[in-house]
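This is upload-v1.csv. It holds CSV, C-alpha atoms.
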```csv
chain,number,residue,atom,x,y,z
X,72,MET,CA,4.6,-2.6,6.7
X,73,SER,CA,0.9,-3.8,6.8
X,74,SER,CA,-2.5,-2.9,8.1
X,75,SER,CA,-3.9,-4.5,11.2
X,76,ALA,CA,-7.1,-5.8,9.7
X,77,ALA,CA,-7.6,-9.6,9.9
X,78,ALA,CA,-7.5,-11.7,6.7
X,79,VAL,CA,-11.0,-13.1,6.1
X,80,VAL,CA,-12.4,-14.5,2.9
X,81,GLY,CA,-14.8,-12.0,1.4
X,82,GLN,CA,-13.2,-9.1,3.2
X,83,PRO,CA,-10.5,-6.7,2.0
X,84,ALA,CA,-7.0,-8.2,2.2
X,85,PRO,CA,-4.6,-6.5,4.7
X,86,VAL,CA,-2.3,-4.4,2.6
X,87,PHE,CA,1.4,-4.5,2.9
X,88,ALA,CA,4.6,-3.1,1.3
X,89,LEU,CA,7.8,-5.1,1.5
X,90,PRO,CA,11.1,-4.9,-0.4
X,91,SER,CA,11.7,-7.7,-2.9
X,92,LEU,CA,14.8,-9.5,-4.0
X,93,ASP,CA,15.3,-7.2,-7.0
X,94,GLY,CA,15.2,-4.1,-4.8
X,95,ALA,CA,11.7,-2.9,-5.7
X,96,VAL,CA,9.1,-2.4,-3.0
X,97,VAL,CA,6.1,-4.6,-3.6
X,98,ASP,CA,2.9,-2.8,-2.5
X,99,LEU,CA,-0.2,-5.0,-2.5
X,100,ALA,CA,-2.4,-1.9,-2.8
X,101,GLY,CA,-0.7,-1.1,-6.1
X,102,TYR,CA,-2.3,-4.1,-7.8
X,103,ARG,CA,-5.9,-2.9,-7.0
X,104,GLY,CA,-7.9,-2.3,-10.1
X,105,ARG,CA,-5.3,-4.0,-12.3
X,106,LEU,CA,-4.6,-7.6,-11.4
X,107,ASN,CA,-5.7,-10.4,-9.1
X,108,VAL,CA,-3.0,-11.4,-6.7
X,109,ILE,CA,-2.1,-14.8,-5.2
X,110,VAL,CA,-0.1,-14.1,-2.0
X,111,TRP,CA,1.8,-17.3,-1.0
X,112,PHE,CA,3.1,-17.4,2.6
X,113,SER,CA,5.9,-19.9,2.2
X,114,ARG,CA,8.6,-21.5,4.4
X,115,GLY,CA,11.2,-19.8,2.3
X,116,PHE,CA,14.4,-20.9,0.7
X,117,THR,CA,15.5,-23.1,3.6
X,118,CYS,CA,12.6,-25.5,2.8
X,119,PRO,CA,13.4,-27.8,-0.1
X,120,TYR,CA,9.8,-28.5,-0.6
X,121,CYS,CA,9.2,-24.8,-1.1
X,122,LEU,CA,11.9,-24.7,-3.7
X,123,ASP,CA,10.1,-27.5,-5.6
X,124,TYR,CA,6.8,-25.6,-5.3
X,125,MET,CA,8.5,-22.5,-6.7
X,126,SER,CA,9.6,-24.5,-9.7
X,127,GLY,CA,6.0,-25.7,-10.1
X,128,ILE,CA,4.6,-22.2,-9.9
X,129,THR,CA,7.2,-20.9,-12.3
X,130,ALA,CA,6.3,-23.7,-14.8
X,131,GLY,CA,2.7,-22.6,-14.8
X,132,TYR,CA,3.4,-18.8,-14.4
X,133,ALA,CA,2.4,-18.0,-18.0
X,134,ALA,CA,-1.0,-19.6,-17.4
X,135,ILE,CA,-1.4,-17.6,-14.1
X,136,ARG,CA,-0.6,-14.4,-15.9
X,137,ALA,CA,-3.0,-15.2,-18.6
X,138,THR,CA,-5.8,-15.0,-16.0
X,139,GLY,CA,-4.7,-11.5,-15.1
X,140,THR,CA,-3.1,-12.7,-11.9
X,141,GLU,CA,0.2,-12.0,-10.2
X,142,VAL,CA,2.0,-14.1,-7.6
X,143,ILE,CA,3.7,-12.6,-4.5
X,144,GLN,CA,5.8,-15.1,-2.5
X,145,VAL,CA,6.4,-14.1,1.2
X,146,ALA,CA,9.2,-15.8,3.0
X,147,PRO,CA,10.3,-15.7,6.6
X,148,ASN,CA,14.0,-15.2,5.6
X,149,LEU,CA,16.3,-12.3,5.9
X,150,LEU,CA,16.3,-10.3,2.7
X,151,ASP,CA,20.1,-10.2,2.4
X,152,SER,CA,20.3,-13.9,3.1
X,153,ALA,CA,17.8,-14.6,0.3
X,154,ARG,CA,19.8,-12.5,-2.1
X,155,ARG,CA,22.9,-14.4,-1.2
X,156,PHE,CA,21.1,-17.8,-1.6
X,157,PHE,CA,19.5,-17.1,-5.0
X,158,GLY,CA,22.3,-14.9,-6.4
X,159,GLY,CA,19.8,-12.7,-8.1
X,160,SER,CA,16.2,-13.4,-9.1
X,161,ALA,CA,14.5,-16.2,-7.4
X,162,ALA,CA,11.4,-16.5,-9.7
X,163,PRO,CA,9.6,-14.6,-12.4
X,164,TYR,CA,7.2,-13.2,-9.8
X,165,PRO,CA,8.0,-11.0,-6.8
X,166,PHE,CA,9.7,-12.6,-3.8
X,167,VAL,CA,9.6,-10.6,-0.5
X,168,CYS,CA,10.8,-11.3,3.0
X,169,ASP,CA,9.2,-11.0,6.4
X,170,PRO,CA,11.8,-12.3,8.8
X,171,ASP,CA,9.9,-11.1,11.9
X,172,LYS,CA,6.8,-12.9,10.7
X,173,ARG,CA,4.6,-9.9,11.5
X,174,LEU,CA,2.7,-10.2,8.2
X,175,TYR,CA,2.2,-14.0,8.8
X,176,ALA,CA,0.5,-13.0,12.1
X,177,VAL,CA,-1.6,-10.3,10.4
X,178,TYR,CA,-2.9,-12.9,8.0
X,179,GLY,CA,-3.6,-15.4,10.8
X,180,LEU,CA,-1.0,-18.0,10.1
X,181,GLY,CA,-0.1,-20.2,13.1
X,182,ASP,CA,3.1,-21.7,14.4
X,183,ARG,CA,2.7,-25.4,15.1
X,184,GLY,CA,5.6,-25.4,17.6
X,185,ALA,CA,8.9,-27.0,18.3
X,186,LEU,CA,7.9,-30.7,17.9
X,187,GLU,CA,6.5,-30.0,14.4
X,188,ALA,CA,9.6,-27.9,13.7
X,189,GLY,CA,11.9,-30.9,14.5
X,190,ARG,CA,9.8,-33.3,12.4
X,191,ALA,CA,9.7,-30.9,9.5
X,192,ALA,CA,13.5,-30.4,9.7
X,193,VAL,CA,14.2,-34.1,9.5
X,194,VAL,CA,11.7,-34.7,6.7
X,195,SER,CA,13.0,-31.7,4.8
X,196,PHE,CA,16.6,-32.8,5.1
X,197,SER,CA,15.7,-36.3,4.0
X,198,HIS,CA,13.9,-34.9,1.0
X,199,ALA,CA,16.8,-32.7,0.1
X,200,VAL,CA,19.3,-35.6,0.3
X,201,ALA,CA,17.0,-37.8,-1.8
X,202,GLN,CA,17.0,-35.1,-4.4
X,203,GLY,CA,20.7,-34.7,-4.3
X,204,GLU,CA,20.4,-31.3,-2.7
X,205,GLY,CA,21.5,-32.0,0.9
X,206,GLY,CA,24.4,-29.6,0.5
X,207,ALA,CA,22.1,-26.8,-0.7
X,208,TRP,CA,19.8,-27.4,2.2
X,209,VAL,CA,22.7,-27.0,4.7
X,210,ARG,CA,24.0,-24.0,2.9
X,211,GLY,CA,20.6,-22.3,2.9
X,212,ALA,CA,20.1,-22.9,6.6
X,213,TRP,CA,23.6,-21.6,7.4
X,214,ILE,CA,23.1,-18.5,5.2
X,215,ASP,CA,19.8,-17.6,6.9
X,216,VAL,CA,21.2,-18.2,10.4
X,217,ALA,CA,24.7,-16.6,10.1
X,218,SER,CA,23.8,-13.0,10.7
X,219,ARG,CA,23.7,-10.4,13.4
X,220,SER,CA,20.4,-11.9,14.4
X,221,PHE,CA,22.0,-15.3,15.0
X,222,VAL,CA,20.1,-16.3,18.1
X,223,ARG,CA,16.7,-15.1,16.8
X,224,ARG,CA,17.3,-16.9,13.4
X,225,LEU,CA,18.4,-20.1,15.1
X,226,HIS,CA,15.2,-20.0,17.3
X,227,HIS,CA,13.2,-19.5,14.1
X,228,HIS,CA,14.6,-22.7,12.5
X,229,ALA,CA,14.8,-24.9,15.6
X,230,MET,CA,11.6,-23.9,17.4
X,231,THR,CA,9.0,-22.7,14.9
X,232,ALA,CA,7.0,-24.5,12.2
X,233,LEU,CA,4.9,-21.9,10.3
X,234,GLU,CA,1.9,-22.8,8.4
X,235,GLN,CA,1.9,-22.1,4.7
X,236,SER,CA,-1.1,-20.4,3.1
X,237,LEU,CA,-2.2,-19.0,-0.3
X,238,PHE,CA,-4.7,-16.1,-0.5
X,239,LEU,CA,-6.4,-15.4,-3.8
X,240,ILE,CA,-7.2,-11.7,-3.9
X,241,ASP,CA,-9.3,-10.2,-6.6
X,242,ARG,CA,-8.8,-6.9,-8.5
X,243,GLN,CA,-10.9,-5.1,-5.9
X,244,GLY,CA,-8.5,-6.2,-3.2
X,245,ARG,CA,-10.9,-8.7,-1.6
X,246,ILE,CA,-9.8,-12.2,-0.4
X,247,ARG,CA,-11.8,-14.7,-2.5
X,248,HIS,CA,-10.2,-18.0,-1.5
X,249,ARG,CA,-7.7,-19.3,1.1
X,250,ILE,CA,-5.7,-22.5,1.1
X,251,THR,CA,-3.8,-23.4,4.3
X,252,ALA,CA,-1.3,-26.2,4.6
X,253,GLY,CA,1.2,-27.6,7.2
X,254,PRO,CA,4.9,-26.7,7.0
X,255,ILE,CA,5.7,-29.5,4.5
X,256,GLU,CA,2.3,-30.2,2.9
X,257,ALA,CA,1.9,-29.7,-0.8
X,258,ILE,CA,0.5,-26.6,-2.4
X,259,PRO,CA,-1.1,-26.3,-5.8
X,260,SER,CA,1.0,-26.1,-9.0
X,261,GLY,CA,1.0,-23.1,-11.2
X,262,ALA,CA,-1.6,-24.6,-13.6
X,263,ALA,CA,-3.8,-25.4,-10.6
X,264,LEU,CA,-3.5,-21.9,-9.3
X,265,ALA,CA,-4.4,-20.4,-12.7
X,266,ALA,CA,-7.6,-22.5,-12.5
X,267,LEU,CA,-8.4,-21.4,-9.0
X,268,SER,CA,-7.9,-17.8,-10.0
X,269,ARG,CA,-10.4,-18.2,-12.8
X,270,THR,CA,-12.9,-19.9,-10.5
X,271,HIS,CA,-12.7,-17.6,-7.5
X,272,CYS,CA,-11.5,-14.2,-8.8
X,273,ASP,CA,-13.1,-14.1,-12.2
X,274,ALA,CA,-16.4,-15.5,-10.8
X,275,ALA,CA,-16.4,-12.8,-8.2
X,276,ALA,CA,-15.9,-10.1,-10.9
X,277,ALA,CA,-18.7,-11.4,-13.2
X,278,PRO,CA,-21.9,-9.4,-13.2
X,279,ALA,CA,-24.9,-11.0,-11.4
```
Would you kindly transcribe this structure into structure tokens?
Amino acid sequence: MSSSAAAVVGQPAPVFALPSLDGAVVDLAGYRGRLNVIVWFSRGFTCPYCLDYMSGITAGYAAIRATGTEVIQVAPNLLDSARRFFGGSAAPYPFVCDPDKRLYAVYGLGDRGALEAGRAAVVSFSHAVAQGEGGAWVRGAWIDVASRSFVRRLHHHAMTALEQSLFLIDRQGRIRHRITAGPIEAIPSGAALAALSRTHCDAAAAPA
């Protein structure tokens, strides 16, 4: 699935290849020499905040693409569950799943533990209810848990609180910038990500 190299700014990004919602395998190495890539390690479709952030990235996706940059969203969900939840395409950019969270570990993302998981669940549910999406939140959680991996998925939701992170990777495959946030902390909008790509990836490619 991925290399074992650590994810360090200024160093080559650990490569990976994961299946996406539309069935295609997304291979990070395949973008080298063609596009910058923003890899967003998200909380997945069971996080109502992440669904909001997906909308924000989608709204600014044309601006991101105008900088010669693609977005890959990684989620700790089961692929089949994500396909059921979204009923097709989740976003205009690739959405891939890493339910065992191995790639999260390769990229150095931490788990803030059961207490943070409980707090995040309460805050997330309250946010979903306030947005009129409480039913969708419950449905998403059930879809992701109700599988042959029931106990493992239940543990994921009840006991883990993964950090989110965005890695800006240039056309040479090097990490140029990293943003790390807590489970329910905000991430930049699509327009802001386009600006960050210009600042960090284009500047790195410019001749001295």
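Taking atom CA of Ala265 of chain X as the reference point, atom CA of Gln235 of chain X is found at 18.6 Å.
Across X:Glu141, X:Asp151, X:Asp98, X:Asp93, the tightest approach to Ile214 of chain X is made by X:Asp151 when counting only C-alpha atoms.
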| task | For Met125 of chain X, please output as number ranges by chain all residues within 8 Å (counting only C-alpha atoms; exclusion window: fewer than 4 positions along the same chain). | result | X: 121, 129, 162
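Atom CA of Val108 of chain X sits 13.4 Å away from atom CA of Ser236 of chain X.
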| task | Would you list the residues near (-2.4, -4.2, -9.8), meaning any protein, DNA or RNA residue with an atom at most 12 Å from that point in file coordinates, counting only C-alpha atoms, as JSON, numbers by chain? | result | {"X": [97, 98, 99, 100, 101, 102, 103, 104, 105, 106, 107, 108, 109, 139, 140, 141, 142, 143, 240, 241, 242, 243, 244]}
Requested write-out: C-alpha atoms of the selected residues, as a PDB file, in the frame of the given file:
```pdb
ATOM      1  CA  VAL X  97       6.100  -4.600  -3.600  1.00  0.00           C
ATOM      2  CA  ASP X  98       2.900  -2.800  -2.500  1.00  0.00           C
ATOM      3  CA  LEU X  99      -0.200  -5.000  -2.500  1.00  0.00           C
ATOM      4  CA  ALA X 100      -2.400  -1.900  -2.800  1.00  0.00           C
ATOM      5  CA  GLY X 101      -0.700  -1.100  -6.100  1.00  0.00           C
ATOM      6  CA  TYR X 102      -2.300  -4.100  -7.800  1.00  0.00           C
ATOM      7  CA  ARG X 103      -5.900  -2.900  -7.000  1.00  0.00           C
ATOM      8  CA  GLY X 104      -7.900  -2.300 -10.100  1.00  0.00           C
ATOM      9  CA  ARG X 105      -5.300  -4.000 -12.300  1.00  0.00           C
ATOM     10  CA  LEU X 106      -4.600  -7.600 -11.400  1.00  0.00           C
ATOM     11  CA  ASN X 107      -5.700 -10.400  -9.100  1.00  0.00           C
ATOM     12  CA  VAL X 108      -3.000 -11.400  -6.700  1.00  0.00           C
ATOM     13  CA  ILE X 109      -2.100 -14.800  -5.200  1.00  0.00           C
ATOM     14  CA  GLY X 139      -4.700 -11.500 -15.100  1.00  0.00           C
ATOM     15  CA  THR X 140      -3.100 -12.700 -11.900  1.00  0.00           C
ATOM     16  CA  GLU X 141       0.200 -12.000 -10.200  1.00  0.00           C
ATOM     17  CA  VAL X 142       2.000 -14.100  -7.600  1.00  0.00           C
ATOM     18  CA  ILE X 143       3.700 -12.600  -4.500  1.00  0.00           C
ATOM     19  CA  ILE X 240      -7.200 -11.700  -3.900  1.00  0.00           C
ATOM     20  CA  ASP X 241      -9.300 -10.200  -6.600  1.00  0.00           C
ATOM     21  CA  ARG X 242      -8.800  -6.900  -8.500  1.00  0.00           C
ATOM     22  CA  GLN X 243     -10.900  -5.100  -5.900  1.00  0.00           C
ATOM     23  CA  GLY X 244      -8.500  -6.200  -3.200  1.00  0.00           C
TER      24      GLY X 244
END
```
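In this comparison, which uses only C-alpha atoms, the residue of X:Gly127, X:Gly253, X:Ser160, X:Trp111 approaching Asp182 of chain X most closely is X:Gly253.
With all atoms listed in the file as the atoms that count, the minimum distance from Cys168 of chain X to the choices X:Val96, X:Cys118, X:Ile135, X:Leu233 is reached by X:Val96.
The residue that comes closest to Val80 of chain X, out of X:Phe238, X:Tyr120, X:Tyr175, X:Tyr132 and on the basis of only C-alpha atoms, is X:Phe238.
Here atom CA of Ile128 of chain X stands at a distance of 14.9 Å from atom CA of Arg114 of chain X.
When all atoms listed in the file are used to compute distances to Phe112 of chain X, the closest of the residues X:Pro170, X:Pro85, X:Pro165, X:Pro147 turns out to be X:Pro147.
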| message | At a cut-off of 12 Å, using all atoms listed in the file, what residues contact His248 of chain X? Leave out same-chain residues fewer than 3 positions from it and give the result as a PyMOL selection string. | response | chain X and resi 78-84+107-110+236-241+245+251+264+267-275
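With distances restricted to all atoms listed in the file, X:Ser91 is the closest residue to Arg154 of chain X from X:Pro119, X:Lys172, X:Ala130, X:Ser91.
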